[in-house]
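A.B. asks: Contents of protein-v4.cif (mmCIF, C-alpha atoms and all ligand atoms) are given next:
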```
data_my_file
#
loop_
_atom_site.label_atom_id
_atom_site.label_comp_id
_atom_site.auth_asym_id
_atom_site.auth_seq_id
_atom_site.Cartn_x
_atom_site.Cartn_y
_atom_site.Cartn_z
CA MET A 1 99.63 114.01 107.97
CA ARG A 2 100.18 110.81 109.94
CA GLU A 3 103.49 109.19 109.10
CA GLU A 4 103.24 105.80 107.38
CA PRO A 5 104.60 103.00 109.57
CA GLU A 6 107.73 101.12 108.54
CA ASN A 7 106.86 98.17 106.33
CA ARG A 8 108.31 95.40 104.15
CA ILE A 9 107.19 93.88 100.88
CA GLY A 10 106.30 90.17 100.81
CA ILE A 11 106.03 88.23 97.55
CA ASP A 12 104.71 84.66 97.41
CA VAL A 13 105.37 83.13 94.00
CA GLY A 14 103.07 80.18 93.33
CA GLY A 15 102.88 77.76 90.44
CA THR A 16 99.92 79.65 88.98
CA ARG A 17 99.54 82.88 90.97
CA ILE A 18 101.82 85.49 92.45
CA ARG A 19 100.72 87.23 95.65
CA ALA A 20 102.36 90.43 96.80
CA ALA A 21 101.66 92.54 99.87
CA ARG A 22 102.95 95.40 101.95
CA ILE A 23 103.35 93.99 105.46
CA GLY A 24 103.39 96.05 108.65
CA ALA A 25 105.64 95.51 111.67
CA GLY A 26 102.92 93.48 113.39
CA SER A 27 102.58 91.01 110.47
CA GLN A 28 99.42 92.72 109.24
CA ILE A 29 98.68 93.01 105.49
CA LEU A 30 98.46 96.74 104.64
CA SER A 31 97.86 96.33 100.90
CA ARG A 32 97.84 93.35 98.55
CA LEU A 33 97.86 92.31 94.90
CA VAL A 34 97.24 88.86 93.36
CA GLU A 35 97.86 88.06 89.69
CA PRO A 36 98.46 85.06 87.43
CA VAL A 37 102.23 84.47 87.51
CA GLN A 38 104.25 85.04 84.33
CA PRO A 39 106.07 81.73 83.75
CA ASP A 40 108.75 83.00 81.35
CA ARG A 41 111.93 84.59 82.65
CA ASP A 42 111.64 88.11 81.25
CA GLY A 43 107.91 88.32 81.97
CA PHE A 44 108.48 87.17 85.54
CA CYS A 45 111.21 89.74 86.21
CA ALA A 46 109.10 92.57 84.80
CA GLN A 47 106.08 91.45 86.83
CA LEU A 48 108.09 91.19 90.05
CA LEU A 49 109.57 94.67 89.66
CA ARG A 50 106.19 96.16 88.77
CA LEU A 51 104.51 94.61 91.85
CA ILE A 52 107.28 95.90 94.14
CA ASP A 53 107.03 99.33 92.56
CA THR A 54 103.24 99.44 93.00
CA LEU A 55 103.29 98.38 96.66
CA ARG A 56 106.37 100.15 98.01
CA ASN A 57 106.39 103.54 99.68
CA PRO A 58 109.17 105.64 101.27
CA ARG A 59 108.93 103.57 104.49
CA SER A 60 109.41 100.19 102.73
CA GLN A 61 112.55 98.51 104.11
CA GLY A 62 113.11 95.42 101.98
CA VAL A 63 111.59 92.58 100.03
CA GLY A 64 111.10 88.89 100.85
CA ILE A 65 110.40 86.48 97.98
CA GLY A 66 109.11 82.91 98.42
CA ILE A 67 109.81 80.57 95.50
CA PRO A 68 107.96 77.29 94.78
CA GLY A 69 111.02 75.07 94.47
CA ARG A 70 114.53 74.55 95.71
CA VAL A 71 116.46 77.57 96.89
CA GLU A 72 120.04 77.25 98.13
CA GLY A 73 119.88 78.82 101.60
CA GLY A 74 123.33 80.40 101.76
CA THR A 75 123.60 81.90 98.28
CA GLN A 76 119.80 82.34 97.76
CA ARG A 77 120.31 80.77 94.33
CA ILE A 78 117.14 79.32 92.75
CA LEU A 79 117.93 75.71 91.78
CA SER A 80 114.45 74.84 90.44
CA ALA A 81 110.98 76.38 90.49
CA GLY A 82 108.50 73.90 89.04
CA TYR A 83 107.01 75.14 85.78
CA LEU A 84 108.54 78.59 86.13
CA ASP A 85 111.60 79.29 84.01
CA ILE A 86 113.46 81.19 86.72
CA ALA A 87 116.18 78.74 87.85
CA GLY A 88 119.53 80.49 88.33
CA LEU A 89 118.00 83.99 88.52
CA ASP A 90 119.86 86.29 90.91
CA LEU A 91 116.82 88.02 92.41
CA PRO A 92 118.71 89.89 95.19
CA ARG A 93 120.90 91.54 92.56
CA LEU A 94 118.03 92.26 90.17
CA VAL A 95 115.88 93.93 92.83
CA ALA A 96 118.81 95.78 94.43
CA GLU A 97 119.85 97.20 91.05
CA ARG A 98 116.40 98.02 89.71
CA ALA A 99 114.44 98.88 92.88
CA GLY A 100 117.20 99.74 95.37
CA LEU A 101 115.83 97.44 98.07
CA PRO A 102 117.55 94.50 99.85
CA VAL A 103 116.02 91.07 99.25
CA ARG A 104 115.75 87.72 101.02
CA VAL A 105 114.83 84.69 98.87
CA GLU A 106 113.62 81.43 100.47
CA ASN A 107 111.46 78.57 99.32
CA ASP A 108 107.74 79.15 99.78
CA ALA A 109 107.36 76.60 102.59
CA THR A 110 110.09 78.35 104.60
CA MET A 111 108.26 81.67 104.21
CA ALA A 112 104.96 80.10 105.31
CA LEU A 113 106.67 78.54 108.33
CA ILE A 114 108.24 81.89 109.34
CA ALA A 115 104.70 83.34 109.47
CA GLU A 116 103.22 80.37 111.34
CA ALA A 117 106.14 80.35 113.82
CA ALA A 118 105.67 84.08 114.46
CA LEU A 119 102.15 83.29 115.67
CA LEU A 120 103.65 81.02 118.35
CA GLY A 121 105.56 83.94 119.89
CA GLN A 122 107.92 82.68 122.61
CA ASP A 123 106.89 79.08 121.90
CA ALA A 124 108.74 79.32 118.56
CA SER A 125 112.08 78.46 120.19
CA GLY A 126 113.61 75.07 119.36
CA LEU A 127 113.06 73.15 116.13
CA ILE A 128 109.79 73.61 114.24
CA LEU A 129 109.11 71.88 110.94
CA MET A 130 106.49 72.40 108.28
CA VAL A 131 105.16 70.05 105.63
CA THR A 132 103.10 71.66 102.86
CA ILE A 133 100.56 69.56 100.96
CA GLY A 134 99.58 70.85 97.53
CA THR A 135 100.16 69.62 93.99
CA GLY A 136 103.45 68.34 95.43
CA ILE A 137 104.81 68.21 98.98
CA GLY A 138 107.23 70.77 100.36
CA GLY A 139 108.93 71.26 103.66
CA ALA A 140 110.85 73.71 105.79
CA ALA A 141 112.62 73.98 109.13
CA VAL A 142 113.14 76.85 111.53
CA LEU A 143 115.51 76.58 114.48
CA ASP A 144 115.03 79.17 117.25
CA GLY A 145 113.02 81.33 114.85
CA LYS A 146 115.55 81.29 111.97
CA PRO A 147 115.36 79.25 108.73
CA TRP A 148 117.57 76.16 108.96
CA HIS A 149 118.93 75.06 105.57
CA GLY A 150 121.47 72.40 106.55
CA GLY A 151 124.09 72.41 103.81
CA GLY A 152 121.78 74.49 101.60
CA ILE A 153 118.51 72.77 100.72
CA ALA A 154 117.38 70.99 103.91
CA GLY A 155 113.64 70.48 104.21
CA GLN A 156 112.82 68.43 101.09
CA PHE A 157 110.36 66.41 103.17
CA GLY A 158 108.31 65.38 100.12
CA HIS A 159 111.21 63.11 99.22
CA ILE A 160 111.23 60.94 102.32
CA THR A 161 110.95 57.37 101.02
CA VAL A 162 107.91 55.58 102.43
CA ALA A 163 107.47 52.70 99.93
CA ALA A 164 110.56 50.96 98.52
CA ASP A 165 108.64 49.73 95.45
CA GLY A 166 106.37 52.80 95.12
CA PRO A 167 105.89 55.05 92.05
CA MET A 168 108.85 56.78 90.39
CA CYS A 169 109.40 60.31 91.72
CA LYS A 170 110.67 63.36 89.82
CA CYS A 171 113.74 63.30 92.12
CA GLY A 172 114.87 60.02 90.53
CA ARG A 173 113.92 57.65 93.34
CA ARG A 174 110.91 55.47 94.06
CA GLY A 175 108.18 55.76 96.67
CA CYS A 176 108.77 59.28 97.97
CA VAL A 177 105.86 60.47 100.13
CA GLU A 178 105.11 63.12 97.47
CA THR A 179 104.12 60.33 95.06
CA LEU A 180 101.56 58.95 97.55
CA SER A 181 100.27 61.79 99.78
CA SER A 182 100.25 64.90 97.55
CA GLY A 183 97.17 66.47 95.98
CA THR A 184 98.20 64.81 92.72
CA ALA A 185 98.27 61.42 94.46
CA LEU A 186 94.85 62.05 95.99
CA GLY A 187 93.47 62.76 92.50
CA ARG A 188 94.82 59.39 91.35
CA LEU A 189 93.27 57.59 94.34
CA VAL A 190 89.91 59.24 93.64
CA THR A 191 89.75 58.24 89.97
CA GLY A 192 91.07 54.76 90.87
CA GLU A 193 87.87 54.25 92.89
CA ASP A 194 85.73 55.49 89.96
CA LEU A 195 84.74 58.67 91.77
CA PRO A 196 84.48 61.81 89.59
CA ALA A 197 87.86 63.44 88.88
CA GLY A 198 88.06 66.64 90.90
CA THR A 199 86.26 65.21 93.94
CA LEU A 200 87.57 67.44 96.73
CA ALA A 201 89.34 66.23 99.85
CA ALA A 202 86.81 68.17 101.95
CA GLU A 203 84.01 66.25 100.22
CA LEU A 204 85.74 62.93 100.98
CA LEU A 205 86.07 63.94 104.64
CA ALA A 206 82.36 64.77 104.84
CA ARG A 207 81.44 61.45 103.23
CA ALA A 208 83.79 59.53 105.49
CA GLU A 209 82.27 61.22 108.55
CA ALA A 210 78.85 60.09 107.30
CA GLY A 211 80.10 56.48 107.18
CA ASP A 212 81.05 56.06 103.49
CA PRO A 213 83.65 53.22 103.45
CA VAL A 214 85.06 54.15 100.01
CA ALA A 215 85.80 57.73 101.09
CA SER A 216 87.32 56.42 104.35
CA ALA A 217 89.58 54.00 102.47
CA ILE A 218 90.78 56.70 100.03
CA LEU A 219 91.61 59.08 102.89
CA ALA A 220 93.45 56.32 104.79
CA ASP A 221 95.50 55.40 101.69
CA TRP A 222 96.33 59.10 101.24
CA ALA A 223 97.26 59.87 104.86
CA GLU A 224 99.03 56.65 105.89
CA PRO A 225 102.21 57.29 103.80
CA MET A 226 102.29 60.83 105.22
CA ARG A 227 102.13 59.46 108.75
CA ARG A 228 105.11 57.23 107.98
CA ALA A 229 107.06 60.25 106.67
CA LEU A 230 106.17 62.35 109.73
CA GLU A 231 107.23 59.53 112.06
CA THR A 232 110.56 59.44 110.22
CA LEU A 233 110.96 63.19 110.78
CA VAL A 234 110.31 62.69 114.50
CA ALA A 235 112.75 59.77 114.64
CA VAL A 236 115.47 61.87 113.00
CA ALA A 237 114.98 65.31 114.51
CA ASP A 238 112.38 65.16 117.34
CA PRO A 239 110.92 68.60 116.49
CA LYS A 240 108.84 70.55 118.97
CA LEU A 241 106.07 70.90 116.36
CA ILE A 242 105.31 69.93 112.77
CA VAL A 243 102.91 72.36 111.08
CA ILE A 244 100.80 70.80 108.31
CA GLY A 245 100.10 73.48 105.71
CA GLY A 246 99.68 74.17 102.02
CA GLY A 247 96.43 74.18 100.05
CA LEU A 248 95.46 70.75 101.40
CA GLY A 249 97.03 71.12 104.86
CA ALA A 250 93.77 71.27 106.82
CA GLU A 251 92.40 68.25 104.94
CA MET A 252 95.60 66.22 105.49
CA ALA A 253 95.56 67.08 109.21
CA ALA A 254 91.95 65.86 109.39
CA ALA A 255 92.76 62.70 107.42
CA LEU A 256 95.73 61.97 109.74
CA ALA A 257 93.46 62.40 112.76
CA ARG A 258 91.11 59.73 111.33
CA LEU A 259 93.83 57.04 111.16
CA PRO A 260 93.75 54.43 113.93
CA ALA A 261 96.25 55.25 116.71
CA GLY A 262 99.80 54.20 115.83
CA GLN A 263 101.54 51.45 117.80
CA GLY A 264 105.11 52.66 117.26
CA TRP A 265 107.51 54.72 119.34
CA PHE A 266 106.96 58.03 117.62
CA GLY A 267 104.07 60.28 118.64
CA LEU A 268 103.29 63.08 116.22
CA PRO A 269 103.44 66.68 117.52
CA ILE A 270 101.39 68.01 114.59
CA ALA A 271 99.09 71.00 114.15
CA ALA A 272 97.26 72.35 111.11
CA ALA A 273 98.56 75.68 109.77
CA ARG A 274 96.53 78.69 110.95
CA LEU A 275 97.17 81.36 108.30
CA GLY A 276 95.89 79.63 105.15
CA ASP A 277 96.81 81.22 101.84
CA ASP A 278 98.24 84.34 103.47
CA ALA A 279 101.07 82.51 105.28
CA GLY A 280 103.51 82.71 102.35
CA VAL A 281 103.16 86.41 101.72
CA ILE A 282 103.22 87.35 105.43
CA GLY A 283 106.29 85.17 106.05
CA ALA A 284 108.03 86.72 103.05
CA GLY A 285 107.37 90.16 104.53
CA LEU A 286 108.69 89.09 107.94
CA ALA A 287 111.84 87.59 106.32
CA ALA A 288 112.60 90.70 104.26
CA PRO A 289 115.80 92.44 105.36
CA ALA A 290 115.74 96.02 106.56
CA ARG A 291 117.69 98.58 104.53
CA GLU A 292 120.23 99.02 107.33
CA ASP A 293 120.78 95.22 107.45
CA ARG A 294 122.23 95.45 103.97
CA ALA A 295 124.55 98.26 104.96
CA ARG A 296 125.75 96.24 107.96
CA THR A 297 126.47 93.06 105.99
CA ALA A 298 127.89 94.80 102.90
ZN ZN B 301 111.33 62.14 95.37
#
```
For the structure just supplied, provide its representation as structure tokens.
Ligand SMILES: [Zn+2]

C.D. replies:
Amino acid sequence: MREEPENRIGIDVGGTRIRAARIGAGSQILSRLVEPVQPDRDGFCAQLLRLIDTLRNPRSQGVGIGIPGRVEGGTQRILSAGYLDIAGLDLPRLVAERAGLPVRVENDATMALIAEAALLGQDASGLILMVTIGTGIGGAAVLDGKPWHGGGIAGQFGHITVAADGPMCKCGRRGCVETLSSGTALGRLVTGEDLPAGTLAAELLARAEAGDPVASAILADWAEPMRRALETLVAVADPKLIVIGGGLGAEMAAALARLPAGQGWFGLPIAAARLGDDAGVIGAGLAAPAREDRARTA
């Protein structure tokens, strides 16, 4: 019988769904499972362990877990995770004790960026940032191929202030780009123009291309604050590339491309993400430690 190749388990925890996959050495998905995520603590832990148990085989090395919220980079402590009641959970200990596998926990944007950066191969050296556009706005940084956390939670790019008198943000400040350029903000712009709630960004782009001024104005109002935030990122860190990802990443990249050329100093080295929904689970697999890594660092 042919020997199974070495593999790692990637888990991408979303606000509504949990994706899990066995990932091969070449980033390929060997097997996958997608389920509604259990939002309560005990249910989540049981679900996580069951998914790992279903996907693992004797050649599985470790587990990577992407969390939709703030994860402290050094300790891997979960500080917040949206609607999921999993803050403070020690996932590395839980999985090591119950499944015997080493674990790496990162926020979901970091995992997605690890996968996107891997596609760049040698071009992934230097500083690469990612901004994810979904219900909210997330961010991540990798420096020379490794997650960069600053003092612990660097990469909260949704909370770059772009409007001093803008809407209140959940972080306690006003006018964060998340309040103006997220999917939630787009929904508010759409209903503000009396378009049907649930009108998709892709639909707005098609209408704008066909010359509809209302759709064009909505997209400009949605993308302009994001451009200001991206210019701030360039002013601060001058990254080699900013990947625009998340569920609405392709649409935001297209909306940014429609804006009139900027007059300022800061050009935008942006590119739309290439892996779509699979980025998080592939990146989680790539970030998973190998069993011998644990022995070395223990
Ligand atoms: Zn904020």

A.B. asks: At a cut-off of 8 Å around the point (98.5, 85.6, 90.3) (file coordinates), what residues fall inside when counting all atoms listed in the file? I'd like the answer as a PyMOL selection string.

C.D. replies: chain A and resi 14+16-19+34-37

A.B. asks: Calculated over only C-alpha atoms, which of the candidates A:Gly158, A:Gly26, A:Gly15, A:Gly64 has the smallest distance to Met226 in chain A?

C.D. replies: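 For Met226 in chain A, the nearest of the given residues is A:Gly158.
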
A.B. asks: Kindly indicate which residue among A:Ala164, A:Met130, A:Ile218, A:Val177 lies nearest to ligand ZN 301 (chain B), using all atoms listed in the file for the distances.

C.D. replies: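 Ranking A:Ala164, A:Met130, A:Ile218, A:Val177 by distance to ligand ZN 301 (chain B), first place goes to A:Val177.
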
A.B. asks: Find the residues near ligand ZN 301 (chain B). Use a cut-off of 7 Å, count only C-alpha atoms and all ligand atoms, and write them as number ranges by chain.

C.D. replies: A: 158-159, 169-174, 176, 178

A.B. asks: Using all atoms listed in the file, find the one residue out of A:Asp278, A:Glu224, A:Glu97, A:Glu203 that sits nearest to Ile114 in chain A.

C.D. replies: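 Nearest to Ile114 in chain A: A:Asp278.
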
A.B. asks: Do a neighbour search on range 43-52 of chain A at 10 Å with only C-alpha atoms, toss out local chain neighbours closer than 5 positions, and write the hits as a PyMOL selection string.

C.D. replies: chain A and resi 9-11+13+18-22+32-38+57+60+62-63+65+84-86+89+91+94-95+98-99+101

A.B. asks: Put those residues in a file: C-alpha atoms, as a compact mmCIF listing (two decimals), in the frame of the given file.

C.D. replies:
```
# COMPACT_ATOMS: atom_id res chain seq x y z
CA ILE A 9 107.19 93.88 100.88
CA GLY A 10 106.30 90.17 100.81
CA ILE A 11 106.03 88.23 97.55
CA VAL A 13 105.37 83.13 94.00
CA ILE A 18 101.82 85.49 92.45
CA ARG A 19 100.72 87.23 95.65
CA ALA A 20 102.36 90.43 96.80
CA ALA A 21 101.66 92.54 99.87
CA ARG A 22 102.95 95.40 101.95
CA ARG A 32 97.84 93.35 98.55
CA LEU A 33 97.86 92.31 94.90
CA VAL A 34 97.24 88.86 93.36
CA GLU A 35 97.86 88.06 89.69
CA PRO A 36 98.46 85.06 87.43
CA VAL A 37 102.23 84.47 87.51
CA GLN A 38 104.25 85.04 84.33
CA ASN A 57 106.39 103.54 99.68
CA SER A 60 109.41 100.19 102.73
CA GLY A 62 113.11 95.42 101.98
CA VAL A 63 111.59 92.58 100.03
CA ILE A 65 110.40 86.48 97.98
CA LEU A 84 108.54 78.59 86.13
CA ASP A 85 111.60 79.29 84.01
CA ILE A 86 113.46 81.19 86.72
CA LEU A 89 118.00 83.99 88.52
CA LEU A 91 116.82 88.02 92.41
CA LEU A 94 118.03 92.26 90.17
CA VAL A 95 115.88 93.93 92.83
CA ARG A 98 116.40 98.02 89.71
CA ALA A 99 114.44 98.88 92.88
CA LEU A 101 115.83 97.44 98.07
```

A.B. asks: A:Val142, A:Leu195, A:Ala96, A:Ile153: which is nearest Gly74 in chain A, counting only C-alpha atoms?

C.D. replies: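 When distances to Gly74 in chain A are compared using only C-alpha atoms, the smallest one comes from A:Ile153.
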
A.B. asks: When distances are computed from all atoms listed in the file, which of A:Ala220, A:Leu180, A:Ala255, A:Gly121 shows the smallest separation from Ala206 in chain A?

C.D. replies: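 Among the listed residues, A:Ala255 lies closest to Ala206 in chain A.
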
A.B. asks: From the list A:Gly245, A:Gly187, A:Gly262, A:Pro39, which residue is nearest Arg274 in chain A when using all atoms listed in the file?

C.D. replies: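 Selected residue with least distance to Arg274 in chain A: A:Gly245.
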
A.B. asks: Can you work out the spacing between CA of Leu120 in chain A and CA of Trp148 in chain A in Å, to one decimal?

C.D. replies: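 Value for the CA of Leu120 in chain A-CA of Trp148 in chain A distance: 17.5 Å.
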